[in-house]
>>> print(open('work.cif').read())   # mmCIF, C-alpha atoms and all ligand atoms
data_data
loop_
_atom_site.label_atom_id
_atom_site.label_comp_id
_atom_site.auth_asym_id
_atom_site.auth_seq_id
_atom_site.Cartn_x
_atom_site.Cartn_y
_atom_site.Cartn_z
CA MET O 1 -45.93 -42.06 144.72
CA SER O 2 -42.92 -43.03 142.65
CA VAL O 3 -41.80 -46.57 141.86
CA ALA O 4 -38.12 -45.64 141.75
CA ASN O 5 -36.85 -47.50 144.79
CA GLY O 6 -35.16 -50.83 144.22
CA ARG O 7 -32.06 -51.48 142.19
CA VAL O 8 -31.10 -48.40 140.18
CA LEU O 9 -30.65 -49.22 136.51
CA LEU O 10 -28.11 -47.34 134.41
CA ALA O 11 -29.27 -47.12 130.81
CA MET O 12 -26.86 -44.34 129.88
CA PRO O 13 -23.76 -44.89 127.77
CA GLY O 14 -21.17 -44.85 130.51
CA PRO O 15 -20.43 -45.43 133.20
CA THR O 16 -22.45 -48.61 132.87
CA ASN O 17 -23.82 -51.19 135.33
CA ILE O 18 -21.02 -52.86 137.28
CA PRO O 19 -21.48 -56.59 137.99
CA ASP O 20 -21.53 -57.53 141.70
CA ARG O 21 -18.67 -59.91 141.00
CA VAL O 22 -16.52 -57.00 139.80
CA LEU O 23 -17.42 -54.88 142.84
CA GLN O 24 -16.66 -57.79 145.16
CA ALA O 25 -13.29 -58.41 143.53
CA MET O 26 -12.32 -54.88 144.56
CA MET O 27 -13.28 -55.31 148.22
CA ARG O 28 -9.84 -56.26 149.48
CA PRO O 29 -6.87 -54.68 151.18
CA ALA O 30 -4.20 -52.90 149.15
CA GLU O 31 -1.15 -54.98 148.30
CA GLU O 32 2.52 -54.21 148.43
CA LEU O 33 2.91 -52.63 145.02
CA ALA O 34 5.42 -54.98 143.46
CA SER O 35 4.16 -58.16 145.13
CA LYS O 36 3.93 -61.31 143.06
CA THR O 37 0.15 -60.92 143.05
CA ILE O 38 0.36 -57.49 141.42
CA VAL O 39 3.14 -58.47 139.01
CA ASP O 40 1.11 -61.50 137.88
CA LEU O 41 -2.11 -59.49 137.74
CA THR O 42 -0.45 -56.90 135.47
CA GLU O 43 0.87 -59.62 133.20
CA THR O 44 -2.45 -61.44 132.82
CA LEU O 45 -4.32 -58.19 132.19
CA LEU O 46 -1.91 -56.98 129.51
CA ALA O 47 -2.02 -60.41 127.85
CA ASP O 48 -5.82 -60.66 128.04
CA LEU O 49 -6.24 -57.14 126.69
CA LYS O 50 -4.40 -58.40 123.59
CA ALA O 51 -7.12 -61.04 123.25
CA VAL O 52 -9.85 -58.40 123.67
CA PHE O 53 -8.29 -56.04 121.10
CA ARG O 54 -7.36 -59.11 118.99
CA THR O 55 -3.77 -58.10 118.46
CA THR O 56 -0.30 -59.56 118.77
CA GLY O 57 0.98 -56.01 119.35
CA GLU O 58 1.72 -54.35 122.69
CA THR O 59 -0.94 -53.36 125.20
CA PHE O 60 -0.73 -50.62 127.83
CA LEU O 61 -2.89 -49.98 130.87
CA TYR O 62 -3.18 -46.54 132.47
CA ALA O 63 -4.77 -45.09 135.58
CA ALA O 64 -6.91 -42.75 133.48
CA ASN O 65 -10.31 -42.34 131.87
CA GLY O 66 -10.95 -42.49 128.13
CA HIS O 67 -9.57 -38.98 127.62
CA GLY O 68 -6.34 -40.21 129.18
CA GLY O 69 -6.34 -43.08 126.70
CA TRP O 70 -6.71 -40.56 123.87
CA GLU O 71 -3.73 -38.58 125.16
CA ALA O 72 -1.70 -41.76 125.61
CA ALA O 73 -2.37 -42.80 122.02
CA LEU O 74 -1.52 -39.36 120.57
CA THR O 75 1.61 -38.52 122.58
CA ASN O 76 3.27 -41.82 121.79
CA VAL O 77 3.16 -41.62 118.00
CA LEU O 78 2.92 -37.93 117.02
CA SER O 79 5.26 -34.96 116.87
CA ARG O 80 4.33 -31.30 117.20
CA GLY O 81 3.28 -29.97 113.81
CA ASP O 82 2.22 -33.37 112.44
CA LYS O 83 -0.84 -33.22 110.24
CA ILE O 84 -3.67 -35.55 111.18
CA LEU O 85 -7.04 -36.29 109.60
CA VAL O 86 -10.06 -36.71 111.88
CA LEU O 87 -13.09 -38.56 110.47
CA ALA O 88 -16.24 -36.98 111.90
CA SER O 89 -19.42 -38.96 112.62
CA GLY O 90 -20.66 -37.27 115.79
CA ARG O 91 -18.81 -35.92 118.81
CA PHE O 92 -16.05 -38.25 119.86
CA ALA O 93 -13.52 -38.32 117.01
CA ILE O 94 -13.82 -34.52 116.95
CA GLY O 95 -13.02 -34.39 120.67
CA TRP O 96 -9.98 -36.60 120.15
CA GLY O 97 -8.86 -34.26 117.34
CA GLU O 98 -9.35 -31.18 119.55
CA MET O 99 -7.03 -32.78 122.07
CA ALA O 100 -4.43 -33.37 119.34
CA ARG O 101 -4.70 -29.72 118.26
CA PHE O 102 -4.14 -28.59 121.87
CA MET O 103 -0.99 -30.72 121.89
CA GLY O 104 0.39 -29.09 118.74
CA ALA O 105 -0.88 -31.26 115.89
CA ASP O 106 -2.18 -29.69 112.68
CA VAL O 107 -5.70 -31.11 112.65
CA GLU O 108 -7.99 -31.40 109.65
CA VAL O 109 -11.53 -32.67 110.14
CA LEU O 110 -13.08 -34.59 107.25
CA ALA O 111 -16.63 -33.30 107.53
CA GLY O 112 -19.24 -35.90 108.25
CA SER O 113 -22.82 -36.11 109.38
CA TRP O 114 -24.15 -36.58 112.90
CA ARG O 115 -26.66 -38.98 111.38
CA ALA O 116 -24.47 -41.26 109.30
CA ALA O 117 -21.26 -43.27 109.37
CA VAL O 118 -17.96 -42.09 107.91
CA ASP O 119 -17.98 -42.60 104.12
CA PRO O 120 -14.91 -44.67 103.20
CA ALA O 121 -14.98 -43.29 99.63
CA ALA O 122 -14.58 -39.74 101.00
CA VAL O 123 -11.61 -40.91 103.10
CA GLU O 124 -9.98 -42.49 100.05
CA GLU O 125 -10.53 -39.37 97.97
CA ARG O 126 -9.02 -37.06 100.63
CA LEU O 127 -5.99 -39.29 101.11
CA ARG O 128 -5.40 -39.53 97.34
CA GLN O 129 -5.12 -35.72 97.28
CA ASP O 130 -2.37 -35.90 99.91
CA LYS O 131 0.27 -36.86 97.36
CA ASP O 132 3.34 -36.10 99.48
CA HIS O 133 1.86 -37.91 102.50
CA ALA O 134 1.76 -34.95 104.87
CA ILE O 135 -1.01 -36.67 106.87
CA LYS O 136 0.64 -38.76 109.57
CA ALA O 137 -2.45 -40.29 111.21
CA VAL O 138 -6.14 -40.90 110.56
CA LEU O 139 -8.38 -40.85 113.66
CA THR O 140 -11.83 -42.33 113.95
CA VAL O 141 -14.21 -43.99 116.43
CA GLN O 142 -15.79 -47.39 115.98
CA ILE O 143 -18.95 -46.26 117.78
CA ASP O 144 -19.76 -42.61 118.32
CA THR O 145 -21.54 -42.63 121.64
CA ALA O 146 -23.18 -39.25 120.99
CA SER O 147 -24.72 -39.88 117.58
CA GLY O 148 -25.16 -43.64 118.00
CA VAL O 149 -23.32 -44.27 114.71
CA VAL O 150 -21.17 -47.33 114.10
CA ASN O 151 -18.35 -46.92 111.60
CA ASP O 152 -17.03 -49.70 109.37
CA ILE O 153 -13.46 -49.89 110.63
CA ARG O 154 -12.39 -52.52 108.10
CA ALA O 155 -13.82 -50.53 105.17
CA ILE O 156 -11.99 -47.37 106.27
CA ARG O 157 -8.74 -49.39 106.36
CA ARG O 158 -9.44 -50.57 102.81
CA ALA O 159 -9.96 -46.94 101.78
CA ILE O 160 -6.60 -45.93 103.28
CA ASP O 161 -4.93 -48.83 101.44
CA ALA O 162 -6.74 -48.05 98.17
CA ALA O 163 -5.26 -44.54 98.35
CA GLY O 164 -1.84 -46.12 98.95
CA HIS O 165 -1.45 -43.90 102.01
CA PRO O 166 1.02 -44.72 104.83
CA ALA O 167 -0.74 -42.77 107.65
CA LEU O 168 -1.22 -44.49 110.99
CA TYR O 169 -4.78 -45.69 111.48
CA MET O 170 -5.96 -44.89 115.04
CA VAL O 171 -9.31 -46.09 116.38
CA ASP O 172 -11.27 -45.22 119.53
CA GLY O 173 -13.10 -48.32 120.75
CA VAL O 174 -14.36 -46.95 124.07
CA ALA O 175 -18.04 -47.60 123.32
CA ALA O 176 -17.41 -50.67 121.18
CA LEU O 177 -14.87 -52.97 122.81
CA GLY O 178 -16.68 -55.96 124.31
CA CYS O 179 -19.90 -54.90 122.51
CA MET O 180 -19.20 -55.71 118.85
CA PRO O 181 -16.59 -57.35 116.69
CA PHE O 182 -13.25 -55.59 116.85
CA ASP O 183 -10.19 -57.24 115.37
CA MET O 184 -7.25 -54.87 115.56
CA ASP O 185 -4.86 -56.98 113.49
CA GLY O 186 -7.53 -58.30 111.12
CA PHE O 187 -8.96 -54.81 110.51
CA GLY O 188 -5.47 -53.32 110.05
CA VAL O 189 -5.67 -50.84 112.93
CA ASP O 190 -2.30 -49.46 114.08
CA VAL O 191 -3.33 -47.87 117.39
CA ALA O 192 -6.52 -48.74 119.28
CA MET O 193 -7.69 -47.39 122.61
CA SER O 194 -10.51 -48.01 125.06
CA ALA O 195 -11.57 -47.48 128.66
CA SER O 196 -12.90 -49.57 131.52
CA GLN O 197 -16.37 -48.19 132.20
CA LYS O 198 -18.45 -49.06 129.13
CA GLY O 199 -18.53 -52.48 127.47
CA LEU O 200 -15.83 -53.72 129.84
CA MET O 201 -18.11 -53.40 132.92
CA THR O 202 -15.45 -52.00 135.28
CA PRO O 203 -15.57 -48.73 137.25
CA PRO O 204 -14.23 -45.64 135.45
CA GLY O 205 -10.51 -45.05 135.87
CA LEU O 206 -8.62 -47.40 133.55
CA ALA O 207 -7.61 -46.66 129.96
CA PHE O 208 -6.17 -49.17 127.51
CA VAL O 209 -4.06 -48.64 124.41
CA ALA O 210 -2.85 -51.23 121.92
CA ALA O 211 -0.08 -50.60 119.39
CA ASN O 212 1.20 -52.70 116.49
CA ALA O 213 4.74 -52.81 115.11
CA LYS O 214 4.12 -49.89 112.75
CA ALA O 215 2.90 -47.74 115.67
CA LEU O 216 5.86 -48.78 117.83
CA HIS O 217 8.15 -47.75 114.99
CA ALA O 218 6.47 -44.32 114.75
CA HIS O 219 6.82 -44.07 118.54
CA ARG O 220 10.63 -43.99 118.26
CA GLN O 221 10.50 -40.75 116.27
CA ALA O 222 7.62 -39.11 118.15
CA THR O 223 8.41 -35.87 119.98
CA MET O 224 5.09 -35.42 121.79
CA ARG O 225 6.09 -38.14 124.26
CA THR O 226 5.67 -37.38 127.96
CA PRO O 227 6.81 -39.50 130.91
CA TYR O 228 3.48 -40.76 132.24
CA TRP O 229 2.11 -42.09 128.95
CA ASP O 230 5.43 -43.22 127.44
CA TRP O 231 5.35 -46.70 125.90
CA THR O 232 9.13 -47.21 126.06
CA ALA O 233 9.09 -46.78 129.85
CA ARG O 234 6.06 -49.03 130.14
CA MET O 235 7.69 -51.82 128.13
CA ASP O 236 10.37 -51.99 130.86
CA PRO O 237 10.28 -55.31 132.72
CA LEU O 238 10.19 -53.44 136.06
CA LEU O 239 6.63 -53.20 137.34
CA TYR O 240 7.14 -49.71 138.78
CA MET O 241 8.06 -48.52 135.27
CA LYS O 242 5.18 -50.39 133.62
CA HIS O 243 2.72 -48.36 135.69
CA CYS O 244 4.84 -45.18 136.02
CA GLY O 245 4.35 -45.45 139.77
CA THR O 246 1.82 -47.21 141.98
CA PRO O 247 -0.52 -49.48 139.98
CA PRO O 248 -4.30 -48.82 140.21
CA GLU O 249 -4.58 -52.13 142.07
CA HIS O 250 -8.26 -52.21 142.91
CA LEU O 251 -9.43 -51.27 139.45
CA MET O 252 -7.13 -53.96 138.13
CA PHE O 253 -8.72 -56.57 140.42
CA GLY O 254 -12.09 -55.38 139.16
CA LEU O 255 -10.99 -55.60 135.53
CA ARG O 256 -9.65 -59.12 136.15
CA ALA O 257 -13.12 -60.24 137.28
CA ALA O 258 -14.80 -58.44 134.35
CA LEU O 259 -12.50 -60.05 131.76
CA ASP O 260 -13.07 -63.46 133.39
CA MET O 261 -16.81 -62.90 132.94
CA ILE O 262 -16.39 -61.84 129.30
CA PHE O 263 -14.20 -64.84 128.51
CA ALA O 264 -16.66 -67.19 130.27
CA GLU O 265 -19.41 -65.83 128.02
CA SER O 266 -16.91 -65.64 125.10
CA LEU O 267 -16.30 -62.43 123.21
CA ASP O 268 -18.50 -63.75 120.41
CA GLY O 269 -21.27 -64.41 122.90
CA ALA O 270 -21.01 -60.89 124.31
CA TRP O 271 -21.12 -59.44 120.79
CA ARG O 272 -24.21 -61.51 119.90
CA ARG O 273 -25.92 -60.49 123.15
CA HIS O 274 -25.33 -56.83 122.34
CA ALA O 275 -26.60 -57.32 118.77
CA LEU O 276 -29.82 -58.92 120.05
CA LEU O 277 -30.46 -56.29 122.70
CA ALA O 278 -29.74 -53.49 120.21
CA ALA O 279 -32.15 -55.00 117.68
CA ALA O 280 -34.83 -55.24 120.40
CA THR O 281 -34.28 -51.56 121.25
CA GLN O 282 -34.53 -50.67 117.57
CA ALA O 283 -37.75 -52.71 117.22
CA ALA O 284 -39.30 -50.70 120.07
CA THR O 285 -38.04 -47.39 118.69
CA SER O 286 -39.43 -48.15 115.21
CA LYS O 287 -42.90 -48.60 116.74
CA TRP O 288 -42.65 -45.43 118.86
CA ALA O 289 -41.52 -43.49 115.77
CA GLU O 290 -44.91 -44.13 114.12
CA GLY O 291 -46.28 -41.35 116.35
CA GLN O 292 -44.00 -38.84 114.53
CA ALA O 293 -42.60 -37.27 117.74
CA LEU O 294 -39.66 -39.68 118.10
CA SER O 295 -37.23 -40.83 115.41
CA PHE O 296 -33.88 -42.56 115.02
CA ASN O 297 -30.95 -40.19 114.85
CA VAL O 298 -29.05 -42.61 112.61
CA VAL O 299 -30.95 -42.81 109.34
CA GLU O 300 -29.53 -46.01 107.85
CA PRO O 301 -30.39 -49.08 110.00
CA SER O 302 -27.06 -50.85 109.33
CA GLN O 303 -25.22 -47.79 110.75
CA ARG O 304 -26.98 -47.96 114.16
CA ALA O 305 -24.62 -48.92 116.97
CA PRO O 306 -25.04 -52.17 118.92
CA SER O 307 -24.25 -50.44 122.24
CA VAL O 308 -26.32 -47.23 122.24
CA THR O 309 -29.41 -45.90 120.46
CA THR O 310 -29.85 -42.15 120.01
CA ILE O 311 -33.50 -41.08 119.65
CA LEU O 312 -34.50 -37.64 118.39
CA VAL O 313 -37.44 -36.01 120.18
CA ASP O 314 -39.73 -33.36 118.74
CA GLY O 315 -40.09 -31.61 122.11
CA ASP O 316 -38.13 -31.60 125.34
CA PRO O 317 -36.30 -34.91 125.88
CA THR O 318 -35.78 -34.19 129.60
CA VAL O 319 -39.52 -34.84 130.07
CA ILE O 320 -38.71 -38.49 129.28
CA THR O 321 -35.35 -38.76 131.03
CA ASP O 322 -36.53 -36.96 134.21
CA TYR O 323 -39.61 -39.18 134.41
CA ALA O 324 -37.48 -42.31 133.94
CA ARG O 325 -35.06 -41.30 136.69
CA GLU O 326 -37.43 -39.81 139.23
CA VAL O 327 -40.47 -42.01 138.83
CA CYS O 328 -38.85 -45.29 137.78
CA GLY O 329 -35.21 -45.35 138.94
CA VAL O 330 -33.79 -45.71 135.40
CA THR O 331 -31.02 -43.37 134.27
CA LEU O 332 -31.21 -42.77 130.52
CA GLY O 333 -28.61 -40.71 128.66
CA LEU O 334 -29.29 -37.16 127.55
CA ALA O 335 -27.89 -36.06 124.21
CA ILE O 336 -24.62 -34.16 123.95
CA GLY O 337 -22.93 -31.89 121.40
CA ASP O 338 -25.05 -30.84 118.42
CA LEU O 339 -27.96 -32.95 119.68
CA THR O 340 -28.19 -31.28 123.11
CA GLY O 341 -31.85 -30.66 123.93
CA LYS O 342 -33.01 -32.60 120.87
CA ALA O 343 -32.54 -36.27 121.77
CA PHE O 344 -31.98 -38.87 124.45
CA ARG O 345 -29.97 -42.07 124.44
CA ILE O 346 -30.71 -45.60 125.57
CA ALA O 347 -27.56 -47.58 126.31
CA HIS O 348 -27.58 -51.35 125.90
CA MET O 349 -23.92 -51.73 126.72
CA GLY O 350 -21.87 -53.90 129.06
CA HIS O 351 -23.50 -55.78 131.91
CA VAL O 352 -27.04 -55.88 130.48
CA ASN O 353 -29.48 -58.67 129.77
CA ALA O 354 -33.03 -58.94 128.46
CA PRO O 355 -34.88 -57.87 131.65
CA MET O 356 -32.61 -54.85 132.05
CA VAL O 357 -33.08 -53.63 128.48
CA LEU O 358 -36.78 -54.54 128.39
CA GLY O 359 -37.07 -52.68 131.70
CA SER O 360 -35.48 -49.54 130.24
CA LEU O 361 -37.69 -49.74 127.16
CA SER O 362 -40.80 -50.23 129.31
CA VAL O 363 -39.92 -47.15 131.33
CA VAL O 364 -39.51 -45.07 128.15
CA GLU O 365 -42.92 -46.30 126.99
CA MET O 366 -44.40 -45.49 130.41
CA ALA O 367 -42.99 -41.96 130.12
CA LEU O 368 -44.43 -41.53 126.62
CA GLN O 369 -47.86 -42.59 127.89
CA ALA O 370 -47.76 -40.64 131.15
CA LYS O 371 -46.57 -37.44 129.49
CA GLY O 372 -48.88 -37.70 126.49
CA ILE O 373 -46.05 -37.76 123.96
CA PRO O 374 -47.37 -39.04 120.61
CA HIS O 375 -45.98 -42.48 119.84
CA GLY O 376 -46.87 -45.67 118.04
CA GLU O 377 -48.15 -48.28 120.48
CA GLY O 378 -46.57 -51.64 121.12
CA GLY O 379 -42.88 -50.70 121.20
CA VAL O 380 -42.07 -52.95 124.14
CA ALA O 381 -44.23 -55.73 122.71
CA ALA O 382 -42.19 -55.50 119.49
CA ALA O 383 -38.95 -55.76 121.51
CA ILE O 384 -40.27 -58.83 123.33
CA ALA O 385 -41.39 -60.39 120.06
CA TYR O 386 -37.95 -59.78 118.56
CA LEU O 387 -36.11 -61.38 121.46
CA GLY O 388 -38.66 -64.21 121.63
CA ALA O 389 -37.95 -65.01 117.99
CA HIS O 390 -34.15 -64.60 118.05
CA ALA O 391 -32.69 -65.23 121.53
CA ARG O 392 -31.75 -68.86 122.24
CA GLU O 393 -30.18 -70.99 124.92
CA VAL O 394 -26.41 -71.02 124.45
CA ALA O 395 -25.33 -74.41 123.15
CA ALA O 396 -23.08 -76.18 125.63
C1 LIG O 401 -17.01 -42.28 126.81
C2 LIG O 401 -16.20 -42.11 125.59
C3 LIG O 401 -14.96 -41.45 125.59
C4 LIG O 401 -14.44 -40.71 126.78
O1 LIG O 401 -14.22 -41.50 127.89
P1 LIG O 401 -14.03 -40.79 129.33
O2 LIG O 401 -13.73 -41.94 130.21
O3 LIG O 401 -15.32 -40.11 129.64
O4 LIG O 401 -12.90 -39.84 129.22
C5 LIG O 401 -14.23 -41.43 124.42
N1 LIG O 401 -14.68 -42.01 123.31
C6 LIG O 401 -15.86 -42.63 123.25
C7 LIG O 401 -16.31 -43.27 121.98
C8 LIG O 401 -16.66 -42.70 124.39
O5 LIG O 401 -17.85 -43.33 124.33
#
>>> encode(input="work.cif", output="structure tokens")
Amino acid sequence: MSVANGRVLLAMPGPTNIPDRVLQAMMRPAEELASKTIVDLTETLLADLKAVFRTTGETFLYAANGHGGWEAALTNVLSRGDKILVLASGRFAIGWGEMARFMGADVEVLAGSWRAAVDPAAVEERLRQDKDHAIKAVLTVQIDTASGVVNDIRAIRRAIDAAGHPALYMVDGVAALGCMPFDMDGFGVDVAMSASQKGLMTPPGLAFVAANAKALHAHRQATMRTPYWDWTARMDPLLYMKHCGTPPEHLMFGLRAALDMIFAESLDGAWRRHALLAAATQAATSKWAEGQALSFNVVEPSQRAPSVTTILVDGDPTVITDYAREVCGVTLGLAIGDLTGKAFRIAHMGHVNAPMVLGSLSVVEMALQAKGIPHGEGGVAAAIAYLGAHAREVAA
């Protein structure tokens, strides 16, 4: 007999668990597309996305997934033939760069490791070599969802500045926004993008892009622009232009509820919650690793992401993920890219609290026991001890 029935728990890095309040906000009839409700909804969302990205720049909302957000960011600031530098630390920046290459950019990948963050010194050195400033943009991710690496976005900005390089700095925050500190203006990011279905707790289907004045300036010269993604059209006061057609109304109602929840908790509160739940997951993983069959993919503890933990397995990781899904009703993430077949991922991202993450960890430990996979005992106990020592009532 399995014990899988009951509420299904998503512990994979996207799409993530959707709060009931967000689902309920979407259960409503469609509206006339330029009604006051939809005009006001668009305005509050674009304004509140500025607060989430922490920018005084422009924000754009698209009916698209994260890949659409990538394309939106690229087409608006680049021209065919432009050279761009992609900072590798796993799968996702590389994927963004592959898209740019498809669209006619001349893409160089600064080699990195799947097990470590981007090295700002290497970025500085490469940009110093580019004396005539052929490189027009530097692309990176804050969190690489495949490797589980978190990059130091502020330090990479400092490296670009230290090299005296004028390239646009473009950051993917899909697995980071709402999960850890991001401060677009404070970090000196020119173009940031994200999507609805990870830290922002909304169904897949919305992409967000934020652009500062420098990016908007580059936009005027860009020749990769296409009608659907175009910022100029979307800065038009007419709602129909802002959305390039019918707005994705229901997803927008869902996002409204999700942002209300995040603001009620406070962004800082959401970041601290993710940090605590990530540390609990790491405490469990450290114990399990004593058995020598499991290990952290990211070697340096400070480079482990607060939204997802990638765990290497000496053996077949689907033994663990299949058991979790079929016996316990918990969906873990399998590894992708270079780690396919070698790892699994535990997401602690978005609408998650202690019982949800402790539940996922317990199910992994159950799988390790049931399948006889060597592991250090007491992983879940270590996670509980960590949260017991560090989680507190929120001061009123
Ligand atoms: C999930 C993810 C994407 C892609 O988003 P889709 O909605 O699947 O297109 C891009 N970047 C990062 C960092 C992600 O985690």
>>> atom_distance(input="work.cif", atom1="CA of His165 in chain O", atom2="CA of Ala117 in chain O")
21.1 Å
>>> residues_near_ligand(input="work.cif", ligand="ligand LIG 401 (chain O)", cutoff="8 Å", atoms="only C-alpha atoms and all ligand atoms", output="number ranges by chain")
O: 13-15, 64-70, 92-93, 96, 141-146, 172-176, 194-198, 204-205, 207
>>> atom_distance(input="work.cif", atom1="CA of Ala324 in chain O", atom2="CA of Ala305 in chain O")
22.3 Å
>>> closest_residue(input="work.cif", among="O:Pro227, O:Ser147, O:Met26, O:Arg157", to="Leu334 in chain O", atoms="only C-alpha atoms")
O:Ser147
>>> closest_residue(input="work.cif", among="O:Gly178, O:Pro166, O:Gly388, O:Leu110", to="Glu265 in chain O", atoms="only C-alpha atoms")
O:Gly178
>>> residues_near_point(input="work.cif", point="(-41.4, -45.2, 130.1)", cutoff="10 Å", atoms="only C-alpha atoms", output="list of chain:residue names")
O:Ile320, O:Thr321, O:Tyr323, O:Ala324, O:Arg325, O:Val327, O:Cys328, O:Val330, O:Gly359, O:Ser360, O:Leu361, O:Ser362, O:Val363, O:Val364, O:Glu365, O:Met366, O:Ala367, O:Leu368, O:Gln369, O:Ala370, O:Lys371, O:Val380
>>> atom_distance(input="work.cif", atom1="CA of Ala283 in chain O", atom2="CA of Val319 in chain O")
22.1 Å
>>> closest_residue(input="work.cif", among="O:Val22, O:Asp230, O:Thr223, O:Thr37", to="Lys242 in chain O", atoms="only C-alpha atoms")
O:Asp230
>>> closest_residue(input="work.cif", among="O:Met201, O:Ala63, O:Met12, O:Leu358", to="Gly245 in chain O", atoms="only C-alpha atoms")
O:Ala63
>>> residues_around(input="work.cif", residues="range 180-193 of chain O", least_positions_apart="4", cutoff="6 Å", atoms="all atoms listed in the file", output="JSON, numbers by chain")
{"O": [53, 54, 55, 154, 168, 169, 170, 171, 172, 173, 176, 208, 209, 210, 211, 212, 215, 271]}
>>> closest_residue(input="work.cif", among="O:Ala284, O:Ile156, O:Leu23, O:Met261", to="Ala122 in chain O", atoms="all atoms listed in the file")
O:Ile156
>>> decode(input="work.cif", residues="range 88-100 of chain O", atoms="N, CA and C atoms", output="PDB file, in the first residue's frame")
ATOM      1  N   ALA O  88      28.816  31.232 -17.355  1.00  0.00           N
ATOM      2  CA  ALA O  88      28.267  29.897 -17.084  1.00  0.00           C
ATOM      3  C   ALA O  88      28.427  29.504 -15.620  1.00  0.00           C
ATOM      4  N   SER O  89      27.364  28.906 -15.060  1.00  0.00           N
ATOM      5  CA  SER O  89      27.435  28.321 -13.708  1.00  0.00           C
ATOM      6  C   SER O  89      26.381  27.221 -13.609  1.00  0.00           C
ATOM      7  N   GLY O  90      26.182  26.494 -14.701  1.00  0.00           N
ATOM      8  CA  GLY O  90      25.135  25.479 -14.746  1.00  0.00           C
ATOM      9  C   GLY O  90      24.469  25.543 -16.101  1.00  0.00           C
ATOM     10  N   ARG O  91      23.147  25.400 -16.130  1.00  0.00           N
ATOM     11  CA  ARG O  91      22.435  25.264 -17.393  1.00  0.00           C
ATOM     12  C   ARG O  91      21.827  26.567 -17.915  1.00  0.00           C
ATOM     13  N   PHE O  92      21.319  27.408 -17.000  1.00  0.00           N
ATOM     14  CA  PHE O  92      20.350  28.399 -17.459  1.00  0.00           C
ATOM     15  C   PHE O  92      20.930  29.596 -18.193  1.00  0.00           C
ATOM     16  N   ALA O  93      22.070  30.137 -17.747  1.00  0.00           N
ATOM     17  CA  ALA O  93      22.656  31.244 -18.510  1.00  0.00           C
ATOM     18  C   ALA O  93      23.042  30.748 -19.902  1.00  0.00           C
ATOM     19  N   ILE O  94      23.523  29.497 -19.966  1.00  0.00           N
ATOM     20  CA  ILE O  94      23.906  28.911 -21.257  1.00  0.00           C
ATOM     21  C   ILE O  94      22.684  28.854 -22.182  1.00  0.00           C
ATOM     22  N   GLY O  95      21.555  28.439 -21.634  1.00  0.00           N
ATOM     23  CA  GLY O  95      20.327  28.359 -22.429  1.00  0.00           C
ATOM     24  C   GLY O  95      19.909  29.725 -22.950  1.00  0.00           C
ATOM     25  N   TRP O  96      20.061  30.727 -22.105  1.00  0.00           N
ATOM     26  CA  TRP O  96      19.721  32.100 -22.511  1.00  0.00           C
ATOM     27  C   TRP O  96      20.656  32.527 -23.653  1.00  0.00           C
ATOM     28  N   GLY O  97      21.933  32.180 -23.527  1.00  0.00           N
ATOM     29  CA  GLY O  97      22.913  32.496 -24.570  1.00  0.00           C
ATOM     30  C   GLY O  97      22.612  31.764 -25.875  1.00  0.00           C
ATOM     31  N   GLU O  98      22.173  30.500 -25.770  1.00  0.00           N
ATOM     32  CA  GLU O  98      21.829  29.738 -26.992  1.00  0.00           C
ATOM     33  C   GLU O  98      20.690  30.432 -27.732  1.00  0.00           C
ATOM     34  N   MET O  99      19.750  30.966 -26.954  1.00  0.00           N
ATOM     35  CA  MET O  99      18.643  31.691 -27.575  1.00  0.00           C
ATOM     36  C   MET O  99      19.168  32.926 -28.311  1.00  0.00           C
ATOM     37  N   ALA O 100      20.099  33.637 -27.669  1.00  0.00           N
ATOM     38  CA  ALA O 100      20.665  34.847 -28.292  1.00  0.00           C
ATOM     39  C   ALA O 100      21.393  34.492 -29.581  1.00  0.00           C
TER      40      ALA O 100
END
